[in-house]
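Since the structure comes first, as structure tokens, the remarks are kept for the end.
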Amino acid sequence: MSFLNFVNIPMHMDFEGQRRAENYARIIITIFGVIGLIWGYVEQKFSYTIYTLGVGFAISVLLSLPPWPMYRRHPLQWQKVKEEGSGEQKKKK
């Protein structure tokens with residue numbers, strides 16, 4: 001069953017992507033919270049506020065939780081692995 005092979009799916013997010021995902025989630029939940037509060041106040045139903053906030057939460061989870069490609073645009077540049085028998089270590093011995 002090769003279609004169940006999840007090994008090739010990238011499961012990481014760089015630091016810039018994490019910052020962007022957190023900001024998106026915060027903005028979306030805030031906007032939906034304000035809209036829900038106003039709508040619930042106008043209709044005099046607190047449940048409308050909760051439903052609207054729940055929809056905002058679901059949208060923010062779908063946008064910020066998975067590691068979408070837009071969150072992996074700035075990969076870290078790691079240093080090369082040094083071999084154990086490098087020149088500096090031989091001189092010190």
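Residue numbers start at 1 in each chain; chains themselves are named A, B, ... in the order of the structure tokens; ligands are numbered from 1 in the order shown.
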List the spatial neighbours of range 31-44 of chain A as a ChimeraX atom specification - criterion: any atom at most 12 Å away, only C-alpha atoms, same-chain residues fewer than 2 positions off excluded. /A:24-29,46-60
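Once Pro66 in chain A and its same-chain neighbours fewer than 6 positions away are set aside, Pro10, Met11, His12, Met13 and Ala21 of chain A remain within 10 Å of it when counting only C-alpha atoms.
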Output as a ChimeraX atom specification all residues of chain A that backbone DSSP marks as helix (DSSP H, G or I). /A:2-4,15-43,46-64,69-71,87-92
May I ask for the distance between CA of Trp78 in chain A and CA of Glu16 in chain A, given in Å to one decimal place? 15.8 Å
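In this comparison, which uses only C-alpha atoms, the residue of A:Gln18, A:Lys82, A:Asn23, A:Lys45 approaching Pro67 in chain A most closely is A:Gln18.
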